[in-house]
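Q: Enclosed is the structure file data_33.txt (compact mmCIF, C-alpha atoms and all ligand atoms).
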```txt
# COMPACT_ATOMS: atom_id res chain seq x y z
CA MET A 1 20.64 -23.83 -18.87
CA LYS A 2 20.66 -20.51 -20.69
CA GLN A 3 18.65 -17.54 -19.43
CA SER A 4 16.44 -17.58 -22.55
CA GLU A 5 15.17 -21.05 -21.58
CA TYR A 6 13.75 -19.61 -18.36
CA ILE A 7 12.28 -16.32 -19.48
CA ASP A 8 8.47 -16.25 -19.27
CA THR A 9 8.28 -19.83 -18.05
CA ILE A 10 7.32 -21.51 -14.81
CA LYS A 11 8.56 -24.94 -13.75
CA GLN A 12 7.30 -27.56 -11.34
CA GLY A 13 9.88 -28.77 -8.83
CA ASP A 14 12.08 -27.86 -5.89
CA CYS A 15 13.15 -24.24 -6.32
CA ILE A 16 16.49 -24.84 -4.58
CA GLU A 17 17.51 -27.29 -7.29
CA LEU A 18 15.92 -25.30 -10.11
CA MET A 19 17.56 -22.00 -9.09
CA SER A 20 20.98 -23.64 -8.86
CA GLU A 21 20.62 -24.63 -12.55
CA MET A 22 19.92 -21.03 -13.58
CA PRO A 23 22.71 -18.76 -14.87
CA GLU A 24 24.23 -16.38 -12.33
CA ALA A 25 23.04 -12.76 -12.09
CA CYS A 26 20.15 -12.93 -14.57
CA VAL A 27 17.25 -11.64 -12.45
CA ASP A 28 16.31 -7.99 -11.78
CA LEU A 29 13.77 -8.49 -9.01
CA ILE A 30 12.74 -11.31 -6.68
CA ILE A 31 9.33 -11.12 -4.98
CA THR A 32 8.43 -14.12 -2.88
CA ASP A 33 6.66 -15.48 0.15
CA PRO A 34 8.13 -18.81 1.16
CA PRO A 35 6.31 -21.23 3.50
CA PHE A 36 6.25 -19.66 6.98
CA ALA A 37 6.69 -22.84 9.11
CA ILE A 38 3.47 -22.10 11.00
CA ASP A 39 2.06 -25.58 10.60
CA PHE A 40 -0.22 -24.35 7.84
CA LYS A 41 -2.25 -27.16 6.36
CA ALA A 42 -4.25 -26.63 3.22
CA THR A 43 -6.59 -29.48 3.96
CA ARG A 44 -10.20 -29.00 3.00
CA HIS A 45 -11.51 -29.24 6.56
CA ASN A 46 -9.51 -26.10 7.43
CA TYR A 47 -11.95 -24.15 5.33
CA ASN A 48 -15.35 -24.08 6.91
CA ARG A 49 -17.37 -22.54 4.12
CA LYS A 50 -16.39 -23.22 0.52
CA GLY A 51 -13.46 -25.48 1.42
CA ASN A 52 -14.05 -27.96 -1.35
CA ARG A 53 -12.71 -25.36 -3.75
CA VAL A 54 -9.27 -25.19 -2.09
CA LEU A 55 -6.49 -27.18 -3.76
CA GLU A 56 -4.75 -29.43 -1.23
CA GLY A 57 -1.04 -30.24 -0.91
CA TYR A 58 0.63 -27.05 0.36
CA ASN A 59 4.30 -27.85 1.05
CA GLU A 60 4.95 -26.61 4.60
CA ILE A 61 8.40 -26.73 6.28
CA GLU A 62 9.05 -28.02 9.83
CA GLY A 63 10.18 -25.32 12.27
CA SER A 64 13.33 -27.29 13.16
CA ASP A 65 14.38 -27.33 9.47
CA TYR A 66 13.52 -23.73 8.78
CA LEU A 67 16.97 -22.14 9.15
CA THR A 68 18.66 -24.71 6.90
CA PHE A 69 15.83 -24.47 4.38
CA THR A 70 16.02 -20.66 4.38
CA LEU A 71 19.82 -20.61 4.02
CA ASP A 72 19.58 -23.04 1.09
CA TRP A 73 16.93 -21.23 -0.92
CA LEU A 74 18.17 -17.71 -0.10
CA SER A 75 21.75 -18.44 -1.19
CA ALA A 76 20.46 -20.03 -4.42
CA ALA A 77 18.21 -16.98 -5.02
CA THR A 78 21.03 -14.50 -4.25
CA ARG A 79 23.20 -16.19 -6.88
CA THR A 80 20.58 -15.49 -9.58
CA LEU A 81 20.18 -11.79 -8.68
CA LYS A 82 21.95 -9.06 -10.67
CA ASP A 83 24.12 -6.53 -8.81
CA SER A 84 21.48 -3.91 -9.63
CA GLY A 85 18.70 -6.20 -8.44
CA SER A 86 16.36 -6.11 -5.43
CA MET A 87 14.60 -8.77 -3.41
CA TYR A 88 11.34 -8.55 -1.40
CA ILE A 89 10.70 -11.46 0.98
CA PHE A 90 7.47 -11.84 2.97
CA SER A 91 7.62 -13.48 6.38
CA GLY A 92 5.42 -14.15 9.36
CA TRP A 93 6.89 -13.18 12.74
CA ASN A 94 7.30 -16.76 14.05
CA TYR A 95 10.46 -17.62 12.10
CA LEU A 96 11.59 -14.14 11.17
CA LYS A 97 14.78 -14.65 13.17
CA ASP A 98 15.87 -17.49 10.85
CA LEU A 99 15.31 -15.31 7.81
CA LEU A 100 17.34 -12.46 9.36
CA ILE A 101 20.24 -14.85 10.08
CA ALA A 102 20.13 -16.15 6.50
CA ILE A 103 20.07 -12.59 5.10
CA ASP A 104 23.27 -11.81 7.03
CA GLN A 105 24.96 -15.01 5.90
CA CYS A 106 24.11 -14.26 2.26
CA GLN A 107 25.62 -10.77 2.72
CA LEU A 108 22.48 -9.02 1.53
CA THR A 109 21.81 -5.40 2.52
CA THR A 110 18.47 -4.62 4.17
CA VAL A 111 17.06 -1.47 2.54
CA ASN A 112 13.73 -1.39 4.40
CA HIS A 113 11.79 -3.52 6.78
CA LEU A 114 8.22 -3.09 5.54
CA ILE A 115 5.01 -4.12 7.28
CA TRP A 116 2.02 -5.28 5.29
CA LYS A 117 -1.10 -4.63 7.40
CA TYR A 118 -4.09 -6.66 6.21
CA GLN A 119 -7.68 -7.13 7.28
CA PHE A 120 -9.21 -10.36 8.65
CA GLY A 121 -6.62 -11.66 11.12
CA VAL A 122 -7.45 -14.95 12.87
CA VAL A 123 -9.72 -14.28 15.87
CA THR A 124 -7.98 -14.90 19.24
CA LYS A 125 -9.06 -15.30 22.87
CA ARG A 126 -5.77 -15.22 24.79
CA LYS A 127 -3.57 -12.95 22.72
CA TYR A 128 -3.68 -10.11 20.19
CA VAL A 129 -4.83 -10.67 16.64
CA THR A 130 -1.99 -10.93 14.14
CA SER A 131 -2.88 -8.71 11.21
CA HIS A 132 0.48 -8.03 9.55
CA TYR A 133 3.31 -9.68 7.70
CA HIS A 134 6.89 -8.54 7.48
CA CYS A 135 8.38 -7.77 4.08
CA LEU A 136 12.14 -7.41 3.86
CA PHE A 137 13.38 -5.22 1.02
CA LEU A 138 16.96 -6.35 0.27
CA CYS A 139 19.68 -5.81 -2.30
CA LYS A 140 23.16 -6.97 -3.23
CA ASN A 141 24.60 -3.54 -3.89
CA ASP A 142 22.90 -0.51 -2.36
CA LYS A 143 24.58 1.89 -4.82
CA LYS A 144 23.46 -0.01 -7.92
CA ARG A 145 19.89 -1.03 -7.05
CA LYS A 146 17.02 0.61 -8.94
CA PHE A 147 14.31 2.67 -7.24
CA TYR A 148 11.75 4.92 -8.95
CA PRO A 149 10.49 7.32 -6.24
CA TYR A 150 7.92 9.21 -8.35
CA ARG A 151 6.61 6.33 -10.44
CA ARG A 152 3.25 6.29 -8.65
CA PHE A 153 2.79 9.90 -7.52
CA ASN A 154 4.59 12.96 -8.80
CA LYS A 155 6.33 15.37 -6.45
CA ASP A 156 3.36 17.75 -6.19
CA ALA A 157 0.51 15.24 -5.93
CA LYS A 158 -1.58 15.59 -2.75
CA THR A 159 -3.50 13.13 -0.58
CA GLU A 160 -7.14 13.82 0.34
CA ASN A 161 -5.90 15.56 3.49
CA GLY A 162 -3.55 17.82 1.56
CA GLY A 163 -0.35 15.93 2.48
CA SER A 164 2.31 14.72 0.06
CA ALA A 165 0.99 11.68 -1.85
CA HIS A 166 4.39 10.21 -2.74
CA TYR A 167 5.56 10.52 0.87
CA LYS A 168 2.44 8.77 2.15
CA ASP A 169 2.76 6.00 -0.44
CA LYS A 170 6.41 5.45 0.52
CA GLU A 171 5.82 5.05 4.26
CA ASP A 172 6.96 1.61 5.39
CA VAL A 173 3.60 0.36 6.70
CA TRP A 174 1.39 -0.70 3.80
CA GLU A 175 -2.31 -1.14 4.47
CA ILE A 176 -3.51 -3.35 1.67
CA LYS A 177 -6.58 -5.57 1.72
CA ARG A 178 -6.37 -9.26 1.06
CA GLU A 179 -7.89 -10.27 -2.21
CA TYR A 180 -10.88 -12.45 -2.93
CA TRP A 181 -10.81 -15.34 -5.35
CA GLN A 182 -13.17 -15.70 -8.23
CA GLY A 183 -13.54 -19.03 -10.00
CA ALA A 184 -14.11 -22.68 -9.26
CA VAL A 185 -10.86 -23.59 -7.48
CA LYS A 186 -8.19 -21.73 -5.58
CA THR A 187 -4.86 -22.25 -3.81
CA PRO A 188 -4.89 -21.55 -0.08
CA THR A 189 -2.67 -18.46 -0.05
CA LYS A 190 -2.31 -15.47 -2.34
CA LEU A 191 -0.54 -12.11 -2.24
CA PRO A 192 -2.85 -9.26 -3.31
CA ALA A 193 -2.16 -7.97 -6.83
CA GLU A 194 -2.05 -4.42 -5.41
CA LEU A 195 0.90 -5.34 -3.20
CA ILE A 196 2.89 -6.90 -6.05
CA GLU A 197 2.05 -4.00 -8.33
CA LYS A 198 3.42 -1.50 -5.80
CA ILE A 199 6.72 -3.39 -5.54
CA LEU A 200 7.00 -3.66 -9.34
CA ASP A 201 6.35 0.08 -9.70
CA TYR A 202 9.06 1.14 -7.26
CA SER A 203 11.73 -1.47 -7.99
CA SER A 204 11.51 -2.47 -11.66
CA GLU A 205 10.96 -1.22 -15.17
CA LYS A 206 9.38 -2.67 -18.28
CA ASP A 207 11.09 -5.84 -19.60
CA ASP A 208 12.87 -6.53 -16.30
CA VAL A 209 13.03 -10.19 -15.23
CA VAL A 210 11.05 -11.00 -12.06
CA LEU A 211 11.56 -14.30 -10.20
CA ASP A 212 9.28 -15.97 -7.64
CA PRO A 213 10.73 -19.31 -6.45
CA PHE A 214 7.57 -20.08 -4.37
CA LEU A 215 4.81 -19.40 -6.86
CA GLY A 216 1.72 -20.81 -5.14
CA SER A 217 -1.15 -19.50 -7.24
CA GLY A 218 1.30 -17.82 -9.63
CA GLN A 219 0.26 -14.36 -8.55
CA VAL A 220 3.73 -12.72 -8.85
CA ALA A 221 4.18 -14.10 -12.38
CA VAL A 222 0.64 -13.09 -13.38
CA VAL A 223 0.95 -9.49 -12.16
CA SER A 224 4.47 -9.18 -13.62
CA LYS A 225 3.15 -10.30 -16.99
CA MET A 226 0.23 -7.86 -16.76
CA LYS A 227 2.71 -5.04 -16.12
CA GLY A 228 5.03 -5.86 -19.03
CA ARG A 229 7.78 -7.54 -17.02
CA HIS A 230 9.27 -10.97 -17.82
CA TYR A 231 8.63 -13.67 -15.25
CA ILE A 232 10.30 -16.86 -13.99
CA GLY A 233 8.68 -19.03 -11.33
CA PHE A 234 8.85 -22.38 -9.52
CA GLU A 235 6.33 -24.37 -7.49
CA ILE A 236 6.82 -27.80 -5.94
CA VAL A 237 3.15 -28.90 -5.64
CA PRO A 238 1.95 -30.18 -9.04
CA ALA A 239 -1.67 -29.02 -8.54
CA TYR A 240 -0.56 -25.46 -7.70
CA TYR A 241 1.88 -25.40 -10.60
CA GLU A 242 -0.95 -26.45 -12.96
CA PHE A 243 -3.21 -23.80 -11.46
CA ALA A 244 -0.58 -21.08 -12.02
CA ARG A 245 0.22 -22.32 -15.54
CA GLU A 246 -3.45 -22.27 -16.47
CA ARG A 247 -3.82 -18.69 -15.19
CA LEU A 248 -0.80 -17.53 -17.18
CA GLU A 249 -1.80 -19.33 -20.37
CA SER A 250 -5.50 -18.51 -20.33
CA GLY A 251 -4.97 -14.82 -19.71
CA GLN A 252 -7.98 -15.05 -17.38
CA TYR A 253 -6.18 -13.93 -14.31
CA LEU A 254 -9.00 -14.27 -11.79
CA ILE A 255 -7.89 -11.42 -9.59
CA GLN A 256 -11.08 -9.36 -9.56
CA LYS A 257 -12.59 -8.68 -6.17
CA THR A 258 -15.82 -10.52 -5.35
CA GLU A 259 -18.00 -10.95 -2.29
CA GLU A 260 -16.51 -14.35 -1.45
CA GLU A 261 -14.59 -15.15 1.71
CA PRO A 262 -10.99 -13.95 2.01
CA VAL A 263 -8.40 -16.46 0.87
CA TRP A 264 -6.11 -16.42 3.90
CA ASP A 265 -8.65 -16.23 6.70
CA LEU A 266 -7.85 -19.62 8.18
CA PHE A 267 -4.11 -19.74 8.61
CA SER A 268 -3.80 -22.34 11.34
CA GLU A 269 -1.80 -20.18 13.70
CA LYS A 270 -2.20 -21.51 17.25
CA VAL A 271 -4.86 -19.37 18.95
C1 LIG B 1 3.05 -18.88 0.89
S1 LIG B 1 2.89 -19.85 -0.56
C2 LIG B 1 3.11 -18.71 -1.89
C3 LIG B 1 1.86 -17.98 -2.30
C4 LIG B 1 2.05 -17.08 -3.48
N1 LIG B 1 2.86 -15.90 -3.17
C5 LIG B 1 0.71 -16.59 -4.06
O1 LIG B 1 0.49 -15.36 -4.09
O2 LIG B 1 -0.10 -17.43 -4.47
C6 LIG B 1 4.38 -20.79 -0.61
C7 LIG B 1 4.42 -21.82 -1.72
O3 LIG B 1 5.72 -22.41 -1.79
C8 LIG B 1 5.57 -23.76 -2.19
N2 LIG B 1 6.84 -24.46 -1.87
C9 LIG B 1 7.25 -24.94 -0.66
N3 LIG B 1 8.49 -25.47 -0.76
C10 LIG B 1 8.90 -25.32 -2.06
C11 LIG B 1 10.10 -25.64 -2.77
N4 LIG B 1 11.14 -26.25 -2.17
N5 LIG B 1 10.16 -25.30 -4.08
C12 LIG B 1 9.13 -24.68 -4.70
N6 LIG B 1 7.96 -24.36 -4.08
C13 LIG B 1 7.85 -24.66 -2.77
C14 LIG B 1 4.34 -24.21 -1.41
O4 LIG B 1 3.77 -25.39 -1.96
C15 LIG B 1 3.44 -22.98 -1.55
O5 LIG B 1 2.60 -23.07 -2.68
```
Any chance you could put this one into structure tokens?
A:
Amino acid sequence: MKQSEYIDTIKQGDCIELMSEMPEACVDLIITDPPFAIDFKATRHNYNRKGNRVLEGYNEIEGSDYLTFTLDWLSAATRTLKDSGSMYIFSGWNYLKDLLIAIDQCQLTTVNHLIWKYQFGVVTKRKYVTSHYHCLFLCKNDKKRKFYPYRRFNKDAKTENGGSAHYKDKEDVWEIKREYWQGAVKTPTKLPAELIEKILDYSSEKDDVVLDPFLGSGQVAVVSKMKGRHYIGFEIVPAYYEFARERLESGQYLIQKTEEEPVWDLFSEKV
């Protein structure tokens, strides 16, 4: 299919198949968090408070299949990326090694290994509380990739403590709060808009094409649209796809903060 048939659309289905039908080198930026193989189940009983509002059906991957799965989707994604493009992939620590192997096999260059530090880790009794995700910033060609170092803070801007604001913002540990849902239903996982916005600011410009092969709630497409980028996205679970489509079509993005419970507070990591 031609690139124009994908621009500003999302499709329901297996992203590995759907990406292999896309033209080569048509995407400027990929932002995605694939399933983490942590036995995450979006069943309603996993949510002890307002669980009846969580859409079921999350498509988790078995740990033993994770390397093959990662190699398959990452090579399909790499094919769609322009030479000047960048990729940001979120990962838990459990299967990070499989992602690193796949990155090498796809001959991608690691530009940074970022840490997203969030609040509300799962409470533990016999080990430390996990309160971060990894985010691998990758590219095909380190000389050609785009990066806009003063997009968010100019060279002279200062932090409250008098330090350099752009330096602070570009440190590789990002402390960003998880977001709260507003509205009647929700998907079980969501990247904060602030996180996606930061990536879009540094690694893309207006009218660039942003792909998320694992859409979930559609957050990457929604924030890309809000910031004047074109989006392409895929999601295998029909209910999540419908949820994302509705958000994009209604223009009611539901990303305001409320006093409700955090969305990701019950990841079923073994404690
Ligand atoms: C961690 S969630 C993504 C959350 C998303 N970043 C957000 O902010 O809402 C991963 C998503 O990938 C979907 N998924 C799993 N395997 C897939 C596949 N082969 N093709 C497309 N989507 C898939 C899952 O159903 C799940 O919704």
Q: To check your reading of the model: which residues sit at most 8 Å from ligand LIG 1 (chain B) when counting all atoms listed in the file? Write the answer as a ChimeraX atom specification.
A: /A:12-16,32-36,57-61,73,187-192,212-220,234-237,240
Q: Provide the CA of Phe69 (chain A) to CA of Val210 (chain A) distance in Å, to one decimal place.
A: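 It comes out at 21.8 Å.
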Q: Can you work out the spacing between CA of Tyr167 (chain A) and CA of Asn112 (chain A) in Å, to one decimal?
A: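 Calculated distance between CA of Tyr167 (chain A) and CA of Asn112 (chain A) is 14.9 Å.
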Q: Which residue, A:Glu17, A:Asp169, A:Asp207, A:Asp104, has the smallest gap to Arg151 (chain A) when you use all atoms listed in the file?
A: A:Asp169
Q: Excluding region 22-26 of chain A and any residue of its chain fewer than 3 positions from it, enumerate the residues within 10 Å of it, using all atoms listed in the file, and give them as a PDB file with C-alpha atoms, in the coordinates of the input.
A:
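Here's the written file out-v8.pdb:
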```
ATOM      1  CA  MET A   1      20.640 -23.830 -18.870  1.00  0.00           C
ATOM      2  CA  LYS A   2      20.660 -20.510 -20.690  1.00  0.00           C
ATOM      3  CA  GLN A   3      18.650 -17.540 -19.430  1.00  0.00           C
ATOM      4  CA  SER A   4      16.440 -17.580 -22.550  1.00  0.00           C
ATOM      5  CA  GLU A   5      15.170 -21.050 -21.580  1.00  0.00           C
ATOM      6  CA  TYR A   6      13.750 -19.610 -18.360  1.00  0.00           C
ATOM      7  CA  ILE A   7      12.280 -16.320 -19.480  1.00  0.00           C
ATOM      8  CA  GLU A  17      17.510 -27.290  -7.290  1.00  0.00           C
ATOM      9  CA  LEU A  18      15.920 -25.300 -10.110  1.00  0.00           C
ATOM     10  CA  MET A  19      17.560 -22.000  -9.090  1.00  0.00           C
ATOM     11  CA  LEU A  29      13.770  -8.490  -9.010  1.00  0.00           C
ATOM     12  CA  ALA A  76      20.460 -20.030  -4.420  1.00  0.00           C
ATOM     13  CA  ALA A  77      18.210 -16.980  -5.020  1.00  0.00           C
ATOM     14  CA  THR A  78      21.030 -14.500  -4.250  1.00  0.00           C
ATOM     15  CA  ARG A  79      23.200 -16.190  -6.880  1.00  0.00           C
ATOM     16  CA  THR A  80      20.580 -15.490  -9.580  1.00  0.00           C
ATOM     17  CA  LEU A  81      20.180 -11.790  -8.680  1.00  0.00           C
ATOM     18  CA  LYS A  82      21.950  -9.060 -10.670  1.00  0.00           C
ATOM     19  CA  ASP A  83      24.120  -6.530  -8.810  1.00  0.00           C
ATOM     20  CA  SER A  84      21.480  -3.910  -9.630  1.00  0.00           C
ATOM     21  CA  GLY A  85      18.700  -6.200  -8.440  1.00  0.00           C
ATOM     22  CA  ASP A 208      12.870  -6.530 -16.300  1.00  0.00           C
ATOM     23  CA  VAL A 209      13.030 -10.190 -15.230  1.00  0.00           C
ATOM     24  CA  VAL A 210      11.050 -11.000 -12.060  1.00  0.00           C
ATOM     25  CA  LEU A 211      11.560 -14.300 -10.200  1.00  0.00           C
TER      26      LEU A 211
END
```
Q: Can you tell me which residues surround Asp8 (chain A) at a distance of at most 6 Å, considering only C-alpha atoms, apart from same-chain residues fewer than 5 positions away, and format the answer as number ranges by chain?
A: A: 230-232
Q: Work out how far CA of Glu171 (chain A) is from CA of Phe153 (chain A), in Å to one decimal.
A: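 Separation between CA of Phe153 (chain A) and CA of Glu171 (chain A): 13.1 Å.
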Q: If we count all atoms listed in the file, what is near Leu100 (chain A) at a cut-off of 12 Å, once residues fewer than 2 positions away on the same chain are taken out, given as a list of chain:residue names?
A: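 Counting all atoms listed in the file, the residues come to A:Tyr66, A:Leu67, A:Thr70, A:Leu71, A:Leu74, A:Ile89, A:Phe90, A:Ser91, A:Trp93, A:Asn94, A:Tyr95, A:Leu96, A:Lys97, A:Asp98, A:Ala102, A:Ile103, A:Asp104, A:Gln105, A:Cys106, A:Gln107, A:Leu108, A:Thr109, A:Thr110, A:His113, A:His134, A:Cys135, A:Leu136, A:Phe137, A:Leu138.
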Q: Just write the chosen residues, C-alpha atoms, as a PDB file, in the coordinates of the input.
A:
```pdb
ATOM      1  CA  TYR A  66      13.520 -23.730   8.780  1.00  0.00           C
ATOM      2  CA  LEU A  67      16.970 -22.140   9.150  1.00  0.00           C
ATOM      3  CA  THR A  70      16.020 -20.660   4.380  1.00  0.00           C
ATOM      4  CA  LEU A  71      19.820 -20.610   4.020  1.00  0.00           C
ATOM      5  CA  LEU A  74      18.170 -17.710  -0.100  1.00  0.00           C
ATOM      6  CA  ILE A  89      10.700 -11.460   0.980  1.00  0.00           C
ATOM      7  CA  PHE A  90       7.470 -11.840   2.970  1.00  0.00           C
ATOM      8  CA  SER A  91       7.620 -13.480   6.380  1.00  0.00           C
ATOM      9  CA  TRP A  93       6.890 -13.180  12.740  1.00  0.00           C
ATOM     10  CA  ASN A  94       7.300 -16.760  14.050  1.00  0.00           C
ATOM     11  CA  TYR A  95      10.460 -17.620  12.100  1.00  0.00           C
ATOM     12  CA  LEU A  96      11.590 -14.140  11.170  1.00  0.00           C
ATOM     13  CA  LYS A  97      14.780 -14.650  13.170  1.00  0.00           C
ATOM     14  CA  ASP A  98      15.870 -17.490  10.850  1.00  0.00           C
ATOM     15  CA  ALA A 102      20.130 -16.150   6.500  1.00  0.00           C
ATOM     16  CA  ILE A 103      20.070 -12.590   5.100  1.00  0.00           C
ATOM     17  CA  ASP A 104      23.270 -11.810   7.030  1.00  0.00           C
ATOM     18  CA  GLN A 105      24.960 -15.010   5.900  1.00  0.00           C
ATOM     19  CA  CYS A 106      24.110 -14.260   2.260  1.00  0.00           C
ATOM     20  CA  GLN A 107      25.620 -10.770   2.720  1.00  0.00           C
ATOM     21  CA  LEU A 108      22.480  -9.020   1.530  1.00  0.00           C
ATOM     22  CA  THR A 109      21.810  -5.400   2.520  1.00  0.00           C
ATOM     23  CA  THR A 110      18.470  -4.620   4.170  1.00  0.00           C
ATOM     24  CA  HIS A 113      11.790  -3.520   6.780  1.00  0.00           C
ATOM     25  CA  HIS A 134       6.890  -8.540   7.480  1.00  0.00           C
ATOM     26  CA  CYS A 135       8.380  -7.770   4.080  1.00  0.00           C
ATOM     27  CA  LEU A 136      12.140  -7.410   3.860  1.00  0.00           C
ATOM     28  CA  PHE A 137      13.380  -5.220   1.020  1.00  0.00           C
ATOM     29  CA  LEU A 138      16.960  -6.350   0.270  1.00  0.00           C
TER      30      LEU A 138
END
```
Q: With all atoms listed in the file as the basis for distance, which of A:Ile115, A:Ala193, A:Val222, A:Cys139 is at the shortest distance from Glu246 (chain A)?
A: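 Ranking A:Ile115, A:Ala193, A:Val222, A:Cys139 by distance to Glu246 (chain A), first place goes to A:Val222.
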